[in-house]
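Peer 1: What follows is protein_24.csv, made up of CSV, C-alpha atoms:
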chain,number,residue,atom,x,y,z
I,8,MET,CA,100.4,73.0,132.1
I,9,ASN,CA,101.6,73.2,135.7
I,10,LEU,CA,105.0,74.5,136.9
I,11,ILE,CA,106.6,71.0,137.2
I,12,GLY,CA,105.6,70.2,133.6
I,13,LYS,CA,107.0,73.5,132.3
I,14,THR,CA,110.2,73.0,134.3
I,15,ALA,CA,110.7,69.5,132.8
I,16,LEU,CA,110.0,70.9,129.3
I,17,VAL,CA,112.5,73.8,129.7
I,18,CYS,CA,115.2,71.4,131.1
I,19,CYS,CA,114.7,68.9,128.4
I,20,PHE,CA,114.8,71.5,125.7
I,21,ALA,CA,118.0,73.0,127.3
I,22,ALA,CA,119.6,69.6,127.4
I,23,VAL,CA,118.9,68.9,123.8
I,24,ALA,CA,120.1,72.4,122.8
I,25,ALA,CA,123.3,71.9,124.9
I,26,VAL,CA,124.1,68.6,123.3
I,27,GLY,CA,123.3,70.0,119.9
I,28,ALA,CA,125.5,73.0,120.4
I,29,SER,CA,128.4,70.9,121.7
I,30,VAL,CA,128.2,68.4,118.8
I,31,GLY,CA,127.8,71.2,116.3
I,32,ILE,CA,130.8,73.1,117.5
I,33,TYR,CA,132.9,69.9,117.6
I,34,TYR,CA,132.1,68.9,114.0
I,35,GLY,CA,131.9,72.5,112.7
I,36,VAL,CA,134.9,74.1,114.4
I,37,THR,CA,137.1,71.8,116.4
I,38,ALA,CA,137.4,68.7,114.2
I,39,PRO,CA,138.2,70.8,111.0
I,40,ALA,CA,140.8,72.8,113.0
I,41,ILE,CA,142.4,69.6,114.3
I,42,ALA,CA,142.4,68.1,110.8
I,43,ALA,CA,144.0,71.3,109.4
I,44,ARG,CA,146.8,71.0,111.9
I,45,VAL,CA,147.9,67.5,110.6
I,46,PRO,CA,150.9,68.3,108.3
I,47,SER,CA,149.8,67.4,104.8
I,48,GLY,CA,153.0,67.6,102.8
I,49,ASP,CA,153.0,66.3,99.2
I,50,ALA,CA,150.8,63.6,97.8
I,51,VAL,CA,151.4,60.1,99.0
I,52,PRO,CA,153.2,57.9,96.5
I,53,GLU,CA,151.8,54.5,95.7
I,54,VAL,CA,154.6,52.6,97.4
I,55,VAL,CA,154.2,54.5,100.6
I,56,ALA,CA,150.4,54.2,100.6
I,57,THR,CA,150.8,50.4,100.2
I,58,LEU,CA,153.4,50.0,102.9
I,59,PHE,CA,151.5,52.2,105.4
I,60,ALA,CA,148.0,51.0,104.3
I,61,ASP,CA,146.9,50.4,107.9
I,62,ASP,CA,147.7,54.0,108.9
I,63,ALA,CA,146.1,56.0,106.0
I,64,PRO,CA,149.0,58.5,105.6
I,65,THR,CA,147.9,62.1,104.8
I,66,GLY,CA,151.1,63.3,103.1
I,67,VAL,CA,154.8,62.9,102.7
I,68,THR,CA,158.0,65.0,102.4
I,69,LYS,CA,160.9,63.7,100.4
I,70,ILE,CA,164.0,63.3,102.5
I,71,ILE,CA,166.5,61.5,100.3
I,72,ASP,CA,167.9,63.5,97.4
I,73,GLU,CA,168.2,61.0,94.5
I,74,THR,CA,171.1,63.0,93.0
I,75,THR,CA,173.2,62.1,96.1
I,76,VAL,CA,172.5,58.3,95.8
I,77,THR,CA,175.6,56.4,94.6
I,78,SER,CA,176.2,52.7,93.8
I,79,LYS,CA,177.4,52.3,97.4
I,80,SER,CA,174.3,53.9,99.0
I,81,TYR,CA,172.2,51.9,101.4
I,82,LEU,CA,169.3,54.3,101.1
I,83,LEU,CA,167.9,54.8,97.6
I,84,ASP,CA,164.8,56.8,98.4
I,85,GLY,CA,163.0,58.1,101.5
I,86,TYR,CA,160.0,60.1,102.7
I,87,ARG,CA,158.9,61.6,106.0
I,88,VAL,CA,155.3,60.2,106.3
I,89,TYR,CA,152.5,62.2,108.0
I,90,LEU,CA,149.9,60.1,109.7
I,91,PRO,CA,146.5,61.1,111.2
I,92,ASP,CA,148.0,60.2,114.6
I,93,THR,CA,150.4,63.1,114.9
I,94,SER,CA,152.2,61.5,117.9
I,95,VAL,CA,153.7,58.9,115.6
I,96,LYS,CA,156.9,59.9,113.8
I,97,ALA,CA,157.0,57.8,110.6
I,98,PHE,CA,159.4,57.3,107.7
I,99,TYR,CA,159.6,55.3,104.5
I,100,TYR,CA,162.9,54.1,103.0
I,101,ARG,CA,163.8,52.1,100.0
I,102,CYS,CA,166.9,50.3,101.1
I,103,ARG,CA,169.6,48.4,99.3
I,104,SER,CA,171.6,45.9,101.3
I,105,ALA,CA,175.4,45.6,101.5
I,106,THR,CA,176.7,42.7,99.4
I,107,GLY,CA,175.7,39.5,100.9
I,108,PHE,CA,176.6,36.0,99.6
I,109,GLY,CA,176.8,37.2,96.0
I,110,GLY,CA,174.6,40.2,95.5
I,111,LYS,CA,172.3,42.8,97.0
I,112,VAL,CA,168.7,42.9,98.1
I,113,THR,CA,166.5,45.9,97.5
I,114,PHE,CA,163.5,46.3,99.9
I,115,ASP,CA,161.2,48.9,101.5
I,116,ILE,CA,160.8,49.5,105.2
I,117,GLY,CA,158.3,51.7,107.1
I,118,ILE,CA,159.6,53.1,110.4
I,119,LYS,CA,157.3,54.3,113.2
I,120,ASN,CA,158.7,55.9,116.3
I,121,ASP,CA,162.3,54.7,115.6
I,122,ALA,CA,161.5,51.0,115.0
I,123,VAL,CA,160.7,49.1,111.8
I,124,ALA,CA,157.0,48.6,111.5
I,125,TYR,CA,156.6,47.5,107.9
I,126,TYR,CA,158.8,45.5,105.4
I,127,ALA,CA,158.3,44.7,101.8
I,128,PHE,CA,160.7,42.9,99.4
I,129,VAL,CA,161.4,44.6,96.1
I,130,LYS,CA,164.1,42.8,94.1
I,131,SER,CA,167.3,40.9,94.6
I,132,ASN,CA,170.4,39.7,92.7
I,133,GLU,CA,171.5,37.7,95.7
I,134,ASP,CA,171.7,33.9,95.3
I,135,ASP,CA,168.4,31.9,95.4
I,136,GLN,CA,168.6,31.0,99.0
I,137,GLY,CA,169.2,34.6,100.1
I,138,THR,CA,166.6,35.9,97.8
I,139,ASN,CA,164.0,33.5,99.0
I,140,TRP,CA,164.8,34.4,102.6
I,141,ALA,CA,164.6,38.1,101.9
I,142,ARG,CA,161.3,37.6,100.0
I,143,ALA,CA,159.7,35.8,103.0
I,144,THR,CA,161.2,37.4,106.0
I,145,LYS,CA,159.3,39.3,108.7
I,146,ASP,CA,162.3,39.3,111.0
I,147,PHE,CA,162.9,43.1,110.7
I,148,ILE,CA,159.5,44.0,112.0
I,149,GLY,CA,160.0,45.5,115.4
I,150,TYR,CA,163.8,45.9,115.0
I,151,ASP,CA,165.0,49.2,116.4
I,152,GLY,CA,168.8,48.9,116.1
I,153,SER,CA,169.4,48.3,119.8
I,154,SER,CA,170.5,44.7,119.3
I,155,ASP,CA,171.1,42.3,116.3
I,156,VAL,CA,168.0,41.3,114.5
I,157,VAL,CA,166.9,37.8,115.5
I,158,VAL,CA,166.7,35.7,112.3
I,159,THR,CA,164.3,32.7,112.7
I,160,GLY,CA,164.6,29.6,110.6
I,161,ALA,CA,167.3,31.0,108.3
I,162,THR,CA,169.9,28.8,106.7
I,163,VAL,CA,171.5,31.8,105.1
I,164,GLN,CA,174.3,33.7,106.9
I,165,GLU,CA,175.3,36.7,104.9
I,166,THR,CA,171.9,38.0,103.5
I,167,PRO,CA,170.4,39.1,106.9
I,168,VAL,CA,173.6,40.7,108.0
I,169,ALA,CA,173.9,42.6,104.7
I,170,MET,CA,170.3,43.8,104.9
I,171,GLN,CA,170.7,44.8,108.6
I,172,THR,CA,173.4,47.2,107.5
I,173,ALA,CA,170.9,49.0,105.3
I,174,VAL,CA,168.2,49.0,107.9
I,175,ASP,CA,170.6,50.4,110.5
I,176,ALA,CA,171.4,53.2,108.1
I,177,ALA,CA,167.7,54.0,107.7
I,178,LEU,CA,167.1,54.0,111.5
I,179,THR,CA,170.1,56.3,112.0
I,180,ASP,CA,168.8,58.6,109.4
I,181,ALA,CA,165.2,58.6,110.8
I,182,LYS,CA,166.4,59.2,114.4
I,183,GLY,CA,168.4,62.2,113.2
I,184,ARG,CA,165.3,63.9,111.8
I,185,GLU,CA,162.5,65.8,113.5
Q,18,MET,CA,108.0,82.7,143.0
Q,19,GLU,CA,107.8,86.1,144.7
Q,20,GLN,CA,110.8,88.3,143.8
Q,21,THR,CA,112.6,90.9,146.0
Q,22,LYS,CA,114.1,93.9,144.3
Q,23,LYS,CA,117.5,95.4,145.4
Q,24,GLY,CA,118.6,97.4,142.3
Q,25,PHE,CA,121.3,96.8,139.8
Q,26,LEU,CA,124.1,98.8,141.5
Q,27,SER,CA,123.3,97.4,145.0
Q,28,SER,CA,123.4,93.9,143.6
Q,29,PHE,CA,126.6,94.5,141.7
Q,30,LEU,CA,128.4,95.9,144.8
Q,31,ASP,CA,127.0,93.2,147.0
Q,32,GLY,CA,128.4,90.5,144.7
Q,33,LEU,CA,131.7,92.3,144.1
Q,34,TYR,CA,132.6,93.3,147.6
Q,35,PHE,CA,130.2,92.8,150.5
Q,36,ASN,CA,129.3,89.2,149.6
Q,37,ASN,CA,132.4,88.3,147.5
Q,38,PRO,CA,132.0,84.7,146.4
Q,39,VAL,CA,135.5,83.6,147.5
Q,40,LEU,CA,136.4,85.9,150.4
Q,41,THR,CA,133.0,86.1,152.1
Q,42,LEU,CA,130.8,83.3,150.9
Q,43,PHE,CA,133.5,80.7,150.2
Q,44,LEU,CA,132.0,79.7,146.9
Q,45,GLY,CA,134.1,78.2,144.2
Q,46,LEU,CA,136.9,77.1,146.5
Q,47,THR,CA,137.9,74.2,144.3
Q,48,LEU,CA,138.8,76.7,141.5
Q,49,ALA,CA,140.3,79.1,144.0
Q,50,VAL,CA,142.7,76.4,145.1
Q,51,LEU,CA,143.4,74.8,141.8
Q,52,ALA,CA,143.6,77.8,139.5
Q,53,THR,CA,145.7,80.1,141.7
Q,54,THR,CA,149.0,78.3,141.2
Q,55,ARG,CA,149.7,80.7,138.4
Q,56,PHE,CA,148.6,84.3,137.8
Q,57,GLN,CA,147.7,83.7,134.1
Q,58,THR,CA,145.7,80.6,134.9
Q,59,ALA,CA,143.7,82.5,137.6
Q,60,LEU,CA,143.1,85.3,135.2
Q,61,MET,CA,141.8,83.1,132.4
Q,62,VAL,CA,139.7,80.9,134.7
Q,63,GLY,CA,138.3,84.0,136.3
Q,64,VAL,CA,137.3,85.5,133.0
Q,65,LEU,CA,135.8,82.3,131.7
Q,66,THR,CA,133.8,81.9,135.0
Q,67,LEU,CA,132.5,85.4,134.7
Q,68,VAL,CA,131.3,84.8,131.2
Q,69,ILE,CA,129.7,81.4,132.0
Q,70,LEU,CA,128.1,82.8,135.2
Q,71,PHE,CA,126.7,85.8,133.4
Q,72,LEU,CA,125.2,83.8,130.5
Q,73,THR,CA,123.8,81.1,132.9
Q,74,VAL,CA,122.1,83.7,135.1
Q,75,LEU,CA,120.8,85.6,132.1
Q,76,ILE,CA,119.1,82.5,130.6
Q,77,VAL,CA,117.8,81.2,133.9
Q,78,SER,CA,116.4,84.7,134.7
Q,79,LEU,CA,114.6,84.9,131.3
Q,80,CYS,CA,113.0,81.5,131.9
Q,81,HIS,CA,112.1,82.2,135.6
Q,82,SER,CA,108.3,82.0,135.0
Q,83,PHE,CA,108.7,78.4,133.6
Q,84,LEU,CA,110.9,77.1,136.4
Q,85,ASN,CA,110.7,76.0,140.0
Q,86,LYS,CA,113.8,76.0,142.3
Q,87,VAL,CA,114.9,72.5,141.4
Q,88,GLY,CA,114.5,73.3,137.7
Q,89,ALA,CA,116.6,76.4,138.1
Q,90,THR,CA,119.4,74.4,139.6
Q,91,ILE,CA,119.1,71.7,136.9
Q,92,LEU,CA,119.0,74.3,134.1
Q,93,SER,CA,122.1,76.1,135.6
Q,94,ALA,CA,124.0,72.8,135.6
Q,95,ILE,CA,123.0,72.0,132.0
Q,96,LEU,CA,123.9,75.5,130.8
Q,97,SER,CA,127.2,75.8,132.6
Q,98,ALA,CA,128.2,72.3,131.4
Q,99,CYS,CA,127.3,73.3,127.9
Q,100,PHE,CA,129.3,76.6,128.1
Q,101,ALA,CA,132.3,74.8,129.6
Q,102,THR,CA,132.2,72.2,126.9
Q,103,VAL,CA,132.0,74.7,124.1
Q,104,THR,CA,134.8,76.7,125.7
Q,105,MET,CA,137.0,73.6,125.8
Q,106,LEU,CA,136.2,72.8,122.2
Q,107,LEU,CA,137.1,76.3,121.1
Q,108,LEU,CA,140.3,76.3,123.1
Q,109,VAL,CA,141.3,73.0,121.4
Q,110,ALA,CA,140.5,74.5,118.0
Q,111,TYR,CA,142.1,77.9,118.4
Q,112,ALA,CA,144.7,77.7,121.2
Q,113,PRO,CA,146.1,74.2,121.2
Q,114,LYS,CA,149.6,75.3,122.1
Q,115,LEU,CA,148.4,77.3,125.1
Q,116,ILE,CA,146.7,74.2,126.6
Q,117,ASP,CA,149.2,71.6,125.4
Q,118,THR,CA,149.5,69.1,128.3
Q,119,GLU,CA,153.1,68.2,127.2
Q,120,ASN,CA,154.3,71.8,127.6
Q,121,GLU,CA,154.9,72.4,131.3
Q,122,LYS,CA,154.6,76.2,130.8
Q,123,ALA,CA,151.1,75.8,129.2
Q,124,ILE,CA,147.9,76.6,131.0
Q,125,ALA,CA,146.1,73.6,132.5
Q,126,LEU,CA,142.7,74.8,131.2
Q,127,LEU,CA,141.6,71.4,130.0
Q,128,THR,CA,141.6,70.3,133.6
Q,129,LEU,CA,140.2,73.4,135.1
Q,130,VAL,CA,137.4,74.4,132.7
Q,131,PRO,CA,135.2,71.4,133.6
Q,132,PHE,CA,135.3,72.5,137.2
Q,133,ILE,CA,133.7,75.8,136.2
Q,134,SER,CA,130.5,73.9,135.3
Q,135,THR,CA,130.4,72.2,138.6
Q,136,THR,CA,131.4,75.1,140.8
Q,137,SER,CA,129.0,76.1,143.6
Q,138,LEU,CA,129.2,79.7,142.5
Q,139,VAL,CA,127.4,79.1,139.2
Q,140,LEU,CA,124.9,76.6,140.5
Q,141,ILE,CA,123.9,78.7,143.6
Q,142,LYS,CA,123.7,82.0,141.6
Q,143,GLY,CA,121.6,80.2,139.0
Q,144,GLN,CA,119.2,79.0,141.6
Q,145,GLU,CA,119.0,82.4,143.3
Q,146,SER,CA,118.0,83.9,140.0
Q,147,LEU,CA,114.4,83.0,140.6
Q,148,GLU,CA,114.3,85.2,143.7
Q,149,HIS,CA,115.2,88.5,142.1
Q,150,PRO,CA,114.3,90.5,138.9
Q,151,LEU,CA,116.5,90.3,135.8
Q,152,SER,CA,118.4,93.6,136.4
Q,153,ASP,CA,119.3,92.5,140.0
Q,154,ASN,CA,120.4,89.1,138.8
Q,155,LEU,CA,122.6,90.6,136.1
Q,156,GLY,CA,124.1,93.1,138.5
Q,157,ASP,CA,124.8,90.3,141.0
Q,158,ALA,CA,126.2,88.0,138.3
Q,159,LEU,CA,128.5,90.7,137.0
Q,160,GLY,CA,129.6,91.7,140.5
Q,161,SER,CA,130.1,88.2,141.7
Q,162,GLY,CA,132.0,87.3,138.5
Q,163,ILE,CA,134.3,90.2,138.7
Q,164,GLY,CA,134.7,89.7,142.5
Q,165,PHE,CA,135.6,86.1,141.9
Q,166,LEU,CA,138.1,87.1,139.2
Q,167,LEU,CA,139.7,89.7,141.3
Q,168,ALA,CA,140.0,87.4,144.3
Q,169,LEU,CA,141.6,84.7,142.2
Q,170,VAL,CA,144.0,87.1,140.5
Q,171,LEU,CA,145.0,88.6,143.9
Q,172,ILE,CA,145.6,85.2,145.5
Q,173,ALA,CA,147.4,83.8,142.4
Q,174,PHE,CA,149.7,86.8,142.1
Q,175,VAL,CA,150.9,86.5,145.7
Q,176,ARG,CA,151.0,82.7,145.5
Q,177,GLU,CA,153.0,82.4,142.3
Q,178,LEU,CA,155.4,85.2,143.3
Q,179,LEU,CA,156.1,83.7,146.7
Q,180,ALA,CA,156.3,80.1,145.4
Q,181,THR,CA,158.6,80.8,142.4
Q,182,GLY,CA,159.9,84.4,142.8
Q,183,ALA,CA,158.6,85.1,139.3
Q,184,ILE,CA,155.4,85.4,137.2
Q,185,THR,CA,155.3,83.4,134.0
Q,186,PHE,CA,153.2,84.2,130.9
Q,187,THR,CA,152.4,81.8,128.1
Q,188,ALA,CA,151.4,83.2,124.7
Q,189,ILE,CA,148.8,81.6,122.5
Q,190,ASP,CA,151.5,80.0,120.3
Q,191,GLY,CA,152.9,78.2,123.4
Q,192,THR,CA,156.0,80.3,123.9
Q,193,SER,CA,156.5,81.6,127.4
Q,194,SER,CA,158.2,84.6,129.1
Q,195,THR,CA,159.0,85.1,132.7
Q,196,TRP,CA,159.1,88.3,134.8
Q,197,THR,CA,161.5,87.5,137.7
Q,198,ALA,CA,161.0,89.6,140.8
Q,199,TRP,CA,163.8,88.0,142.8
Q,200,SER,CA,165.9,84.9,142.9
Q,201,GLY,CA,167.3,82.9,145.9
Q,202,TRP,CA,164.6,82.1,148.4
Q,203,THR,CA,161.1,80.9,147.5
Q,204,LEU,CA,158.2,79.3,149.4
Q,205,GLY,CA,157.7,76.3,147.2
Q,206,ILE,CA,155.1,74.8,149.5
Q,207,LEU,CA,152.7,77.5,148.4
Q,208,SER,CA,152.4,75.9,145.0
Q,209,GLN,CA,150.9,72.9,146.8
Q,210,PRO,CA,147.1,72.8,147.6
Q,211,PHE,CA,148.0,73.9,151.1
Q,212,GLY,CA,149.2,77.2,149.7
Q,213,GLY,CA,145.8,77.8,148.0
Q,214,PHE,CA,143.8,77.2,151.2
Q,215,PHE,CA,146.3,79.1,153.3
Q,216,LEU,CA,146.2,82.2,151.1
Q,217,VAL,CA,142.4,82.0,150.7
Q,218,ALA,CA,142.1,82.0,154.5
Q,219,ILE,CA,144.6,84.9,154.9
Q,220,PHE,CA,142.8,87.1,152.3
Q,221,SER,CA,139.4,86.1,153.5
Q,222,GLY,CA,140.4,86.9,157.1
Q,223,ILE,CA,141.6,90.4,156.1
Q,224,HIS,CA,138.4,91.0,154.0
Q,225,LEU,CA,136.1,89.9,156.8
Q,226,ALA,CA,138.0,92.0,159.4
Q,227,ILE,CA,137.7,95.1,157.2
Q,228,LEU,CA,133.9,94.5,156.8
Q,229,GLU,CA,133.5,93.9,160.5
Q,230,ALA,CA,135.5,97.1,161.4
Q,231,LYS,CA,133.3,99.1,159.0
Q,232,LYS,CA,130.2,97.6,160.5
Q,233,GLN,CA,131.3,98.5,164.0
Q,234,LYS,CA,132.2,102.0,163.0
Q,235,ALA,CA,128.8,102.5,161.4
Q,236,SER,CA,127.2,101.0,164.5
Q,237,VAL,CA,129.1,103.4,166.8
Q,238,ALA,CA,128.2,106.4,164.6
Q,239,LYS,CA,124.6,105.4,164.7
Q,240,GLU,CA,124.6,105.1,168.5
Q,241,ALA,CA,126.4,108.5,168.8
Q,242,LYS,CA,123.6,110.1,166.8
Could you rewrite the structure in this file as structure tokens?
Peer 2:
Amino acid sequence: MNLIGKTALVCCFAAVAAVGASVGIYYGVTAPAIAARVPSGDAVPEVVATLFADDAPTGVTKIIDETTVTSKSYLLDGYRVYLPDTSVKAFYYRCRSATGFGGKVTFDIGIKNDAVAYYAFVKSNEDDQGTNWARATKDFIGYDGSSDVVVTGATVQETPVAMQTAVDAALTDAKGRE
Amino acid sequence: MEQTKKGFLSSFLDGLYFNNPVLTLFLGLTLAVLATTRFQTALMVGVLTLVILFLTVLIVSLCHSFLNKVGATILSAILSACFATVTMLLLVAYAPKLIDTENEKAIALLTLVPFISTTSLVLIKGQESLEHPLSDNLGDALGSGIGFLLALVLIAFVRELLATGAITFTAIDGTSSTWTAWSGWTLGILSQPFGGFFLVAIFSGIHLAILEAKKQKASVAKEAK
């Protein structure tokens, strides 16, 4: 083989080895190290996994002590939620609204970077109209507490306002945590 | 290719002092300007360049009988790019706080390490490896690498001190400490690219003047004999 052929062969071999070494170190060293840095916390409860299904949370830490919850509390349960994207600060809250027209609504919200990202209705003893609205609403998605939530197509008055009180409590709690 | 032999020590001193990459040959000026804003950055970039240069020259030298000049340059580029990539991956894995781009006291190695793979110093030394035997090449790579490191560190020390009045160190966990030499007046403009070029020119001028004076002295002594 002449020198040009040998040169080409050596360069090709070096290129393949260089790519192989880089890929090997990425998957063998760097990626596991990055994965290990994602805070894992405790196992993810079913309700949190369902609410944050799009984000595949890696773990949670409980932030609401159930022994401190009273009949007047807006926040019944809460978790700091760890996501693969560590730049996102996420929380889960089970909220109970203030008294609306005649009762209270219990619902779950997922907060990402200080704004409501997910909402799920749980139960209600509000009147039928308020309950139906709470069951169907998506109006809290995107709400960050900076202005009143814009309620679309609602004929109810008290239910959204009562629920907003609980959402505000959750946002205030989330913003106060690291 | 026919090889000329200079000897390990002679090659080492040549790379370190007489043909210093930054101060005499003006090789790797991009790094000399970008990495000398901080003493610690210059130190780390200098050490990484030394390691990458040495390994590149070693492998190119070992393959010299299979390479022509173009091949040596290509192989140098491939190897230095590979070593720079591996270095970055290891830094991300083991020193994430040290290179965290959101921490202003962190070291900007993720920006600077890729420049090591493209610096003229590594590419030219890799290409020149065909012209000398292995021991000479290793001596030259070590000398040039250490010479490059010392030049960077010297420039960075003066530059950071004059620009900020202090020298800042960042630990691997991202915490930083500062040694303040004085407060009050500083020459902030030296932290700009102008400062890098200005100080490279100053130190290079001093270095070349010393070399020239020695040369003239030797010449006079020779004539006197």
Peer 1: Quick one: contact table of range 15-79 of chain I to range 103-109 of chain I, 12 Å max, nearest atom pair and distance in Å to one decimal per residue, counting all atoms listed in the file, chain and number order, as a Markdown table?
Peer 2:
| residue | atom | partner | partner_atom | distance |
| --- | --- | --- | --- | --- |
| I:Val76 | CA | I:Arg103 | CA | 10.9 |
| I:Thr77 | CA | I:Arg103 | CA | 11.0 |
| I:Ser78 | CA | I:Arg103 | CA | 9.6 |
| I:Lys79 | CA | I:Ala105 | CA | 8.1 |
Peer 1: Calculate how many Å separate CA of Ser146 in chain Q from CA of Phe165 in chain Q, rounding to one decimal.
Peer 2: 17.8 Å
Peer 1: So which residues touch range 116-126 of chain I within 10 Å, counting only C-alpha atoms, skipping near sequence neighbours fewer than 2 positions away, as a CSV table (one decimal) with C-alpha atoms, in the coordinates of the input?
Peer 2:
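For reference, result.csv as written:
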chain,number,residue,atom,x,y,z
I,55,VAL,CA,154.2,54.5,100.6
I,58,LEU,CA,153.4,50.0,102.9
I,59,PHE,CA,151.5,52.2,105.4
I,60,ALA,CA,148.0,51.0,104.3
I,85,GLY,CA,163.0,58.1,101.5
I,86,TYR,CA,160.0,60.1,102.7
I,87,ARG,CA,158.9,61.6,106.0
I,88,VAL,CA,155.3,60.2,106.3
I,94,SER,CA,152.2,61.5,117.9
I,95,VAL,CA,153.7,58.9,115.6
I,96,LYS,CA,156.9,59.9,113.8
I,97,ALA,CA,157.0,57.8,110.6
I,98,PHE,CA,159.4,57.3,107.7
I,99,TYR,CA,159.6,55.3,104.5
I,100,TYR,CA,162.9,54.1,103.0
I,101,ARG,CA,163.8,52.1,100.0
I,102,CYS,CA,166.9,50.3,101.1
I,114,PHE,CA,163.5,46.3,99.9
I,128,PHE,CA,160.7,42.9,99.4
I,129,VAL,CA,161.4,44.6,96.1
I,142,ARG,CA,161.3,37.6,100.0
I,144,THR,CA,161.2,37.4,106.0
I,145,LYS,CA,159.3,39.3,108.7
I,146,ASP,CA,162.3,39.3,111.0
I,147,PHE,CA,162.9,43.1,110.7
I,148,ILE,CA,159.5,44.0,112.0
I,149,GLY,CA,160.0,45.5,115.4
I,150,TYR,CA,163.8,45.9,115.0
I,151,ASP,CA,165.0,49.2,116.4
I,152,GLY,CA,168.8,48.9,116.1
I,153,SER,CA,169.4,48.3,119.8
I,174,VAL,CA,168.2,49.0,107.9
I,177,ALA,CA,167.7,54.0,107.7
I,178,LEU,CA,167.1,54.0,111.5
I,179,THR,CA,170.1,56.3,112.0
I,180,ASP,CA,168.8,58.6,109.4
I,181,ALA,CA,165.2,58.6,110.8
I,182,LYS,CA,166.4,59.2,114.4
I,183,GLY,CA,168.4,62.2,113.2
Peer 1: Determine, counting all atoms listed in the file, which protein, DNA and RNA residues have an atom within 10 Å of an atom of Asp117 in chain Q; residues of the same chain fewer than 5 positions away are not included. Present the result as a ChimeraX atom specification.
Peer 2: /Q:109,112,122-127,191
Peer 1: Give me, as JSON lines, each residue of chain Q that comes within 12 Å of chain I, together with its shortest interatomic pair and the distance in Å at one decimal, counting all atoms listed in the file, with rows ordered by chain and rising residue number.
Peer 2:
{"residue": "Q:Met18", "atom": "CA", "partner": "I:Leu10", "partner_atom": "CA", "distance": 10.7}
{"residue": "Q:Thr73", "atom": "CA", "partner": "I:Ala21", "partner_atom": "CA", "distance": 11.4}
{"residue": "Q:Ile76", "atom": "CA", "partner": "I:Ala21", "partner_atom": "CA", "distance": 10.1}
{"residue": "Q:Val77", "atom": "CA", "partner": "I:Val17", "partner_atom": "CA", "distance": 10.0}
{"residue": "Q:Leu79", "atom": "CA", "partner": "I:Val17", "partner_atom": "CA", "distance": 11.4}
{"residue": "Q:Cys80", "atom": "CA", "partner": "I:Val17", "partner_atom": "CA", "distance": 8.0}
{"residue": "Q:His81", "atom": "CA", "partner": "I:Thr14", "partner_atom": "CA", "distance": 9.5}
{"residue": "Q:Ser82", "atom": "CA", "partner": "I:Leu10", "partner_atom": "CA", "distance": 8.4}
{"residue": "Q:Phe83", "atom": "CA", "partner": "I:Lys13", "partner_atom": "CA", "distance": 5.3}
{"residue": "Q:Leu84", "atom": "CA", "partner": "I:Thr14", "partner_atom": "CA", "distance": 4.7}
{"residue": "Q:Asn85", "atom": "CA", "partner": "I:Thr14", "partner_atom": "CA", "distance": 6.5}
{"residue": "Q:Lys86", "atom": "CA", "partner": "I:Thr14", "partner_atom": "CA", "distance": 9.3}
{"residue": "Q:Val87", "atom": "CA", "partner": "I:Thr14", "partner_atom": "CA", "distance": 8.5}
{"residue": "Q:Gly88", "atom": "CA", "partner": "I:Thr14", "partner_atom": "CA", "distance": 5.5}
{"residue": "Q:Ala89", "atom": "CA", "partner": "I:Thr14", "partner_atom": "CA", "distance": 8.2}
{"residue": "Q:Thr90", "atom": "CA", "partner": "I:Cys18", "partner_atom": "CA", "distance": 9.9}
{"residue": "Q:Ile91", "atom": "CA", "partner": "I:Cys18", "partner_atom": "CA", "distance": 7.0}
{"residue": "Q:Leu92", "atom": "CA", "partner": "I:Cys18", "partner_atom": "CA", "distance": 5.6}
{"residue": "Q:Ser93", "atom": "CA", "partner": "I:Cys18", "partner_atom": "CA", "distance": 9.5}
{"residue": "Q:Ala94", "atom": "CA", "partner": "I:Ala22", "partner_atom": "CA", "distance": 9.8}
{"residue": "Q:Ile95", "atom": "CA", "partner": "I:Ala22", "partner_atom": "CA", "distance": 6.2}
{"residue": "Q:Leu96", "atom": "CA", "partner": "I:Ala25", "partner_atom": "CA", "distance": 6.9}
{"residue": "Q:Ser97", "atom": "CA", "partner": "I:Ala25", "partner_atom": "CA", "distance": 9.5}
{"residue": "Q:Ala98", "atom": "CA", "partner": "I:Ala25", "partner_atom": "CA", "distance": 8.1}
{"residue": "Q:Cys99", "atom": "CA", "partner": "I:Ala25", "partner_atom": "CA", "distance": 5.2}
{"residue": "Q:Phe100", "atom": "CA", "partner": "I:Ala25", "partner_atom": "CA", "distance": 8.3}
{"residue": "Q:Ala101", "atom": "CA", "partner": "I:Ser29", "partner_atom": "CA", "distance": 9.6}
{"residue": "Q:Thr102", "atom": "CA", "partner": "I:Ser29", "partner_atom": "CA", "distance": 6.6}
{"residue": "Q:Val103", "atom": "CA", "partner": "I:Ser29", "partner_atom": "CA", "distance": 5.8}
{"residue": "Q:Thr104", "atom": "CA", "partner": "I:Ser29", "partner_atom": "CA", "distance": 9.5}
{"residue": "Q:Met105", "atom": "CA", "partner": "I:Thr37", "partner_atom": "CA", "distance": 9.6}
{"residue": "Q:Leu106", "atom": "CA", "partner": "I:Thr37", "partner_atom": "CA", "distance": 6.0}
{"residue": "Q:Leu107", "atom": "CA", "partner": "I:Thr37", "partner_atom": "CA", "distance": 6.5}
{"residue": "Q:Leu108", "atom": "CA", "partner": "I:Thr37", "partner_atom": "CA", "distance": 8.7}
{"residue": "Q:Val109", "atom": "CA", "partner": "I:Thr37", "partner_atom": "CA", "distance": 6.6}
{"residue": "Q:Ala110", "atom": "CA", "partner": "I:Thr37", "partner_atom": "CA", "distance": 4.6}
{"residue": "Q:Tyr111", "atom": "CA", "partner": "I:Ala40", "partner_atom": "CA", "distance": 7.5}
{"residue": "Q:Ala112", "atom": "CA", "partner": "I:Ala40", "partner_atom": "CA", "distance": 10.3}
{"residue": "Q:Pro113", "atom": "CA", "partner": "I:Ile41", "partner_atom": "CA", "distance": 9.1}
{"residue": "Q:Lys114", "atom": "CA", "partner": "I:Arg44", "partner_atom": "CA", "distance": 11.4}
{"residue": "Q:Glu119", "atom": "CA", "partner": "I:Ser94", "partner_atom": "CA", "distance": 11.5}
